file start.pdb (PDB, C-alpha atoms)
ATOM      1  CA  MET F   1      19.377  29.977 -61.944  1.00  0.00           C
ATOM      2  CA  ASP F   2      21.628  31.947 -59.639  1.00  0.00           C
ATOM      3  CA  LYS F   3      19.743  35.091 -58.641  1.00  0.00           C
ATOM      4  CA  THR F   4      22.818  37.245 -58.108  1.00  0.00           C
ATOM      5  CA  SER F   5      24.129  36.558 -61.626  1.00  0.00           C
ATOM      6  CA  LEU F   6      20.804  37.556 -63.112  1.00  0.00           C
ATOM      7  CA  ILE F   7      20.731  40.700 -60.941  1.00  0.00           C
ATOM      8  CA  GLY F   8      24.266  41.540 -62.082  1.00  0.00           C
ATOM      9  CA  VAL F   9      23.364  41.229 -65.771  1.00  0.00           C
ATOM     10  CA  ILE F  10      20.251  43.369 -65.322  1.00  0.00           C
ATOM     11  CA  LEU F  11      22.173  45.947 -63.281  1.00  0.00           C
ATOM     12  CA  GLY F  12      24.888  46.146 -65.957  1.00  0.00           C
ATOM     13  CA  ILE F  13      22.342  46.723 -68.725  1.00  0.00           C
ATOM     14  CA  PHE F  14      20.568  49.306 -66.568  1.00  0.00           C
ATOM     15  CA  ALA F  15      23.854  51.121 -65.885  1.00  0.00           C
ATOM     16  CA  VAL F  16      24.675  51.362 -69.595  1.00  0.00           C
ATOM     17  CA  GLY F  17      21.185  52.663 -70.383  1.00  0.00           C
ATOM     18  CA  VAL F  18      21.164  55.259 -67.607  1.00  0.00           C
ATOM     19  CA  GLY F  19      24.694  56.347 -68.467  1.00  0.00           C
ATOM     20  CA  MET F  20      23.700  56.917 -72.067  1.00  0.00           C
ATOM     21  CA  VAL F  21      20.622  58.910 -71.073  1.00  0.00           C
ATOM     22  CA  LEU F  22      22.671  61.063 -68.674  1.00  0.00           C
ATOM     23  CA  LYS F  23      25.117  61.840 -71.484  1.00  0.00           C
ATOM     24  CA  GLY F  24      22.233  62.818 -73.781  1.00  0.00           C
ATOM     25  CA  VAL F  25      22.521  59.821 -76.081  1.00  0.00           C
ATOM     26  CA  SER F  26      19.389  57.923 -77.021  1.00  0.00           C
ATOM     27  CA  VAL F  27      19.242  54.325 -75.789  1.00  0.00           C
ATOM     28  CA  VAL F  28      18.041  53.419 -79.299  1.00  0.00           C
ATOM     29  CA  ALA F  29      21.633  54.038 -80.429  1.00  0.00           C
ATOM     30  CA  LEU F  30      22.503  50.578 -79.042  1.00  0.00           C
ATOM     31  CA  ALA F  31      19.931  48.919 -81.300  1.00  0.00           C
ATOM     32  CA  ASN F  32      21.942  49.365 -84.486  1.00  0.00           C
ATOM     33  CA  PRO F  33      24.097  46.523 -85.844  1.00  0.00           C
ATOM     34  CA  ALA F  34      27.344  48.515 -85.651  1.00  0.00           C
ATOM     35  CA  ALA F  35      26.902  49.158 -81.916  1.00  0.00           C
ATOM     36  CA  ILE F  36      26.037  45.510 -81.238  1.00  0.00           C
ATOM     37  CA  LEU F  37      29.072  44.368 -83.235  1.00  0.00           C
ATOM     38  CA  ILE F  38      31.396  46.717 -81.387  1.00  0.00           C
ATOM     39  CA  ILE F  39      30.060  45.772 -77.959  1.00  0.00           C
ATOM     40  CA  LEU F  40      29.731  41.992 -78.317  1.00  0.00           C
ATOM     41  CA  ILE F  41      32.597  41.172 -80.677  1.00  0.00           C
ATOM     42  CA  GLY F  42      34.873  43.766 -79.074  1.00  0.00           C
ATOM     43  CA  THR F  43      34.250  42.288 -75.635  1.00  0.00           C
ATOM     44  CA  ALA F  44      34.834  38.757 -76.931  1.00  0.00           C
ATOM     45  CA  ALA F  45      38.072  39.862 -78.598  1.00  0.00           C
ATOM     46  CA  ALA F  46      39.303  41.509 -75.389  1.00  0.00           C
ATOM     47  CA  VAL F  47      38.576  38.331 -73.410  1.00  0.00           C
ATOM     48  CA  ILE F  48      40.327  36.149 -76.007  1.00  0.00           C
ATOM     49  CA  ILE F  49      43.380  38.417 -75.906  1.00  0.00           C
ATOM     50  CA  ALA F  50      43.473  38.436 -72.098  1.00  0.00           C
ATOM     51  CA  PHE F  51      43.314  34.665 -71.485  1.00  0.00           C
ATOM     52  CA  PRO F  52      45.199  31.624 -72.811  1.00  0.00           C
ATOM     53  CA  THR F  53      43.462  29.123 -75.116  1.00  0.00           C
ATOM     54  CA  ASP F  54      42.996  26.515 -72.371  1.00  0.00           C
ATOM     55  CA  GLU F  55      40.981  29.006 -70.310  1.00  0.00           C
ATOM     56  CA  ILE F  56      38.893  30.112 -73.298  1.00  0.00           C
ATOM     57  CA  LYS F  57      37.925  26.484 -74.023  1.00  0.00           C
ATOM     58  CA  ARG F  58      36.401  26.299 -70.514  1.00  0.00           C
ATOM     59  CA  LEU F  59      34.049  29.259 -71.114  1.00  0.00           C
ATOM     60  CA  PRO F  60      30.898  27.270 -72.009  1.00  0.00           C
ATOM     61  CA  LYS F  61      31.194  25.249 -68.813  1.00  0.00           C
ATOM     62  CA  LEU F  62      31.895  28.377 -66.763  1.00  0.00           C
ATOM     63  CA  PHE F  63      28.775  30.099 -68.127  1.00  0.00           C
ATOM     64  CA  GLY F  64      26.829  27.096 -66.884  1.00  0.00           C
ATOM     65  CA  VAL F  65      28.356  27.526 -63.435  1.00  0.00           C
ATOM     66  CA  ILE F  66      27.560  31.246 -63.352  1.00  0.00           C
ATOM     67  CA  PHE F  67      23.856  30.867 -64.001  1.00  0.00           C
ATOM     68  CA  LYS F  68      23.148  27.765 -61.885  1.00  0.00           C
ATOM     69  CA  GLU F  69      22.363  27.903 -58.186  1.00  0.00           C
ATOM     70  CA  GLN F  70      25.356  26.580 -56.260  1.00  0.00           C
ATOM     71  CA  THR F  71      25.148  24.703 -52.982  1.00  0.00           C
ATOM     72  CA  LEU F  72      27.877  25.833 -50.641  1.00  0.00           C
ATOM     73  CA  VAL F  73      29.829  23.457 -48.466  1.00  0.00           C
ATOM     74  CA  ASN F  74      29.284  23.872 -44.734  1.00  0.00           C
ATOM     75  CA  THR F  75      32.526  25.318 -43.324  1.00  0.00           C
ATOM     76  CA  VAL F  76      32.285  23.137 -40.205  1.00  0.00           C
ATOM     77  CA  GLU F  77      32.126  20.011 -42.386  1.00  0.00           C
ATOM     78  CA  LEU F  78      35.035  21.272 -44.435  1.00  0.00           C
ATOM     79  CA  ILE F  79      37.233  21.835 -41.381  1.00  0.00           C
ATOM     80  CA  VAL F  80      36.339  18.510 -39.724  1.00  0.00           C
TER      81      VAL F  80
END
call {"tool": "encode", "arguments": {"input": "start.pdb", "output": "structure tokens"}}
result
Amino acid sequence: MDKTSLIGVILGIFAVGVGMVLKGVSVVALANPAAILIILIGTAAAVIIAFPTDEIKRLPKLFGVIFKEQTLVNTVELIV
């Protein structure tokens, strides 16, 4: 698994939690079904609106790419 993707997901969740606490809202407020529906389905709807169907069909494969360790091509080999 790609470490930076995992760090990014954890950092995003942490940022939402800390932001809620700083605003005086309990983090437990995210544990209700209405909040989960708004966050997950709302995000999915925004992504579907923003991209054409051909791009959306590639999402499962792209999630695989995000969370797998990638081997980078040596730039010297690429140039030669």
call {"tool": "atom_distance", "arguments": {"input": "start.pdb", "atom1": "atom CA of F:Ser5", "atom2": "atom CA of F:Val28"}}
result
25.2 Å
call {"tool": "resolve_selection", "arguments": {"input": "start.pdb", "expression": "the PyMOL selection byres ((chain F and resi 66) around 12)", "output": "ChimeraX atom specification"}}
result
/F:1-9,59-65,67-70
call {"tool": "write_last_selection", "arguments": {"input": "start.pdb", "atoms": "C-alpha atoms", "output": "short mmCIF file (atom, residue, chain, number, x, y, z; two decimals), keeping the file's coordinate frame"}}
result
data_model
loop_
_atom_site.label_atom_id
_atom_site.label_comp_id
_atom_site.auth_asym_id
_atom_site.auth_seq_id
_atom_site.Cartn_x
_atom_site.Cartn_y
_atom_site.Cartn_z
CA MET F 1 19.38 29.98 -61.94
CA ASP F 2 21.63 31.95 -59.64
CA LYS F 3 19.74 35.09 -58.64
CA THR F 4 22.82 37.24 -58.11
CA SER F 5 24.13 36.56 -61.63
CA LEU F 6 20.80 37.56 -63.11
CA ILE F 7 20.73 40.70 -60.94
CA GLY F 8 24.27 41.54 -62.08
CA VAL F 9 23.36 41.23 -65.77
CA LEU F 59 34.05 29.26 -71.11
CA PRO F 60 30.90 27.27 -72.01
CA LYS F 61 31.19 25.25 -68.81
CA LEU F 62 31.90 28.38 -66.76
CA PHE F 63 28.78 30.10 -68.13
CA GLY F 64 26.83 27.10 -66.88
CA VAL F 65 28.36 27.53 -63.44
CA PHE F 67 23.86 30.87 -64.00
CA LYS F 68 23.15 27.76 -61.88
CA GLU F 69 22.36 27.90 -58.19
CA GLN F 70 25.36 26.58 -56.26
#
call {"tool": "atom_distance", "arguments": {"input": "start.pdb", "atom1": "atom CA of F:Pro52", "atom2": "atom CA of F:Gly12"}}
result
25.9 Å
call {"tool": "atom_distance", "arguments": {"input": "start.pdb", "atom1": "atom CA of F:Ala46", "atom2": "atom CA of F:Leu22"}}
result
26.5 Å
call {"tool": "axis_aligned_box", "arguments": {"input": "start.pdb", "around": "stretch 6-23 of chain F", "padding_each_side": "4 Å", "output": "JSON"}}
result
{"center_x": 22.7, "center_y": 49.7, "center_z": -66.5, "size_x": 12.9, "size_y": 32.3, "size_z": 19.1}
call {"tool": "build_atoms", "arguments": {"input": "start.pdb", "residues": "stretch 9-20 of chain F", "atoms": "all heavy atoms", "output": "PDB file, keeping the file's coordinate frame"}}
result
ATOM      1  N   VAL F   9      23.573  40.965 -64.341  1.00  0.00           N
ATOM      2  CA  VAL F   9      23.364  41.229 -65.771  1.00  0.00           C
ATOM      3  C   VAL F   9      22.365  42.372 -65.949  1.00  0.00           C
ATOM      4  O   VAL F   9      22.594  43.300 -66.731  1.00  0.00           O
ATOM      5  CB  VAL F   9      22.886  39.949 -66.496  1.00  0.00           C
ATOM      6  CG1 VAL F   9      22.421  40.265 -67.897  1.00  0.00           C
ATOM      7  CG2 VAL F   9      23.983  38.906 -66.528  1.00  0.00           C
ATOM      8  N   ILE F  10      21.261  42.321 -65.219  1.00  0.00           N
ATOM      9  CA  ILE F  10      20.251  43.369 -65.322  1.00  0.00           C
ATOM     10  C   ILE F  10      20.824  44.713 -64.867  1.00  0.00           C
ATOM     11  O   ILE F  10      20.597  45.743 -65.512  1.00  0.00           O
ATOM     12  CB  ILE F  10      18.994  42.989 -64.509  1.00  0.00           C
ATOM     13  CG1 ILE F  10      18.296  41.796 -65.166  1.00  0.00           C
ATOM     14  CG2 ILE F  10      18.045  44.173 -64.376  1.00  0.00           C
ATOM     15  CD1 ILE F  10      17.198  41.172 -64.335  1.00  0.00           C
ATOM     16  N   LEU F  11      21.571  44.717 -63.783  1.00  0.00           N
ATOM     17  CA  LEU F  11      22.173  45.947 -63.281  1.00  0.00           C
ATOM     18  C   LEU F  11      23.169  46.525 -64.288  1.00  0.00           C
ATOM     19  O   LEU F  11      23.231  47.746 -64.489  1.00  0.00           O
ATOM     20  CB  LEU F  11      22.856  45.691 -61.937  1.00  0.00           C
ATOM     21  CG  LEU F  11      23.372  46.892 -61.189  1.00  0.00           C
ATOM     22  CD1 LEU F  11      22.231  47.840 -60.850  1.00  0.00           C
ATOM     23  CD2 LEU F  11      24.074  46.457 -59.912  1.00  0.00           C
ATOM     24  N   GLY F  12      23.939  45.678 -64.941  1.00  0.00           N
ATOM     25  CA  GLY F  12      24.888  46.146 -65.957  1.00  0.00           C
ATOM     26  C   GLY F  12      24.186  46.790 -67.137  1.00  0.00           C
ATOM     27  O   GLY F  12      24.592  47.863 -67.617  1.00  0.00           O
ATOM     28  N   ILE F  13      23.109  46.154 -67.617  1.00  0.00           N
ATOM     29  CA  ILE F  13      22.342  46.723 -68.725  1.00  0.00           C
ATOM     30  C   ILE F  13      21.705  48.043 -68.308  1.00  0.00           C
ATOM     31  O   ILE F  13      21.724  49.023 -69.057  1.00  0.00           O
ATOM     32  CB  ILE F  13      21.286  45.711 -69.211  1.00  0.00           C
ATOM     33  CG1 ILE F  13      21.984  44.500 -69.855  1.00  0.00           C
ATOM     34  CG2 ILE F  13      20.310  46.357 -70.189  1.00  0.00           C
ATOM     35  CD1 ILE F  13      21.070  43.332 -70.143  1.00  0.00           C
ATOM     36  N   PHE F  14      21.168  48.078 -67.098  1.00  0.00           N
ATOM     37  CA  PHE F  14      20.568  49.306 -66.568  1.00  0.00           C
ATOM     38  C   PHE F  14      21.604  50.427 -66.490  1.00  0.00           C
ATOM     39  O   PHE F  14      21.330  51.570 -66.856  1.00  0.00           O
ATOM     40  CB  PHE F  14      19.953  49.022 -65.192  1.00  0.00           C
ATOM     41  CG  PHE F  14      19.354  50.222 -64.530  1.00  0.00           C
ATOM     42  CD1 PHE F  14      18.131  50.721 -64.951  1.00  0.00           C
ATOM     43  CD2 PHE F  14      20.009  50.856 -63.481  1.00  0.00           C
ATOM     44  CE1 PHE F  14      17.576  51.841 -64.343  1.00  0.00           C
ATOM     45  CE2 PHE F  14      19.463  51.962 -62.871  1.00  0.00           C
ATOM     46  CZ  PHE F  14      18.239  52.456 -63.305  1.00  0.00           C
ATOM     47  N   ALA F  15      22.802  50.112 -66.029  1.00  0.00           N
ATOM     48  CA  ALA F  15      23.854  51.121 -65.885  1.00  0.00           C
ATOM     49  C   ALA F  15      24.241  51.703 -67.236  1.00  0.00           C
ATOM     50  O   ALA F  15      24.440  52.923 -67.362  1.00  0.00           O
ATOM     51  CB  ALA F  15      25.076  50.515 -65.196  1.00  0.00           C
ATOM     52  N   VAL F  16      24.343  50.862 -68.254  1.00  0.00           N
ATOM     53  CA  VAL F  16      24.675  51.362 -69.595  1.00  0.00           C
ATOM     54  C   VAL F  16      23.564  52.278 -70.097  1.00  0.00           C
ATOM     55  O   VAL F  16      23.823  53.363 -70.636  1.00  0.00           O
ATOM     56  CB  VAL F  16      24.919  50.184 -70.570  1.00  0.00           C
ATOM     57  CG1 VAL F  16      24.996  50.682 -72.011  1.00  0.00           C
ATOM     58  CG2 VAL F  16      26.190  49.437 -70.208  1.00  0.00           C
ATOM     59  N   GLY F  17      22.315  51.850 -69.926  1.00  0.00           N
ATOM     60  CA  GLY F  17      21.185  52.663 -70.383  1.00  0.00           C
ATOM     61  C   GLY F  17      21.111  54.006 -69.679  1.00  0.00           C
ATOM     62  O   GLY F  17      20.953  55.055 -70.321  1.00  0.00           O
ATOM     63  N   VAL F  18      21.225  54.007 -68.367  1.00  0.00           N
ATOM     64  CA  VAL F  18      21.164  55.259 -67.607  1.00  0.00           C
ATOM     65  C   VAL F  18      22.355  56.153 -67.946  1.00  0.00           C
ATOM     66  O   VAL F  18      22.207  57.373 -68.100  1.00  0.00           O
ATOM     67  CB  VAL F  18      21.096  54.976 -66.087  1.00  0.00           C
ATOM     68  CG1 VAL F  18      21.267  56.252 -65.277  1.00  0.00           C
ATOM     69  CG2 VAL F  18      19.783  54.298 -65.740  1.00  0.00           C
ATOM     70  N   GLY F  19      23.513  55.558 -68.092  1.00  0.00           N
ATOM     71  CA  GLY F  19      24.694  56.347 -68.467  1.00  0.00           C
ATOM     72  C   GLY F  19      24.530  57.030 -69.812  1.00  0.00           C
ATOM     73  O   GLY F  19      24.911  58.193 -69.986  1.00  0.00           O
ATOM     74  N   MET F  20      23.932  56.321 -70.749  1.00  0.00           N
ATOM     75  CA  MET F  20      23.700  56.917 -72.067  1.00  0.00           C
ATOM     76  C   MET F  20      22.702  58.075 -71.976  1.00  0.00           C
ATOM     77  O   MET F  20      22.908  59.117 -72.591  1.00  0.00           O
ATOM     78  CB  MET F  20      23.193  55.852 -73.038  1.00  0.00           C
ATOM     79  CG  MET F  20      24.254  54.851 -73.425  1.00  0.00           C
ATOM     80  SD  MET F  20      23.638  53.612 -74.556  1.00  0.00           S
ATOM     81  CE  MET F  20      23.349  54.592 -76.007  1.00  0.00           C
TER      82      MET F  20
END
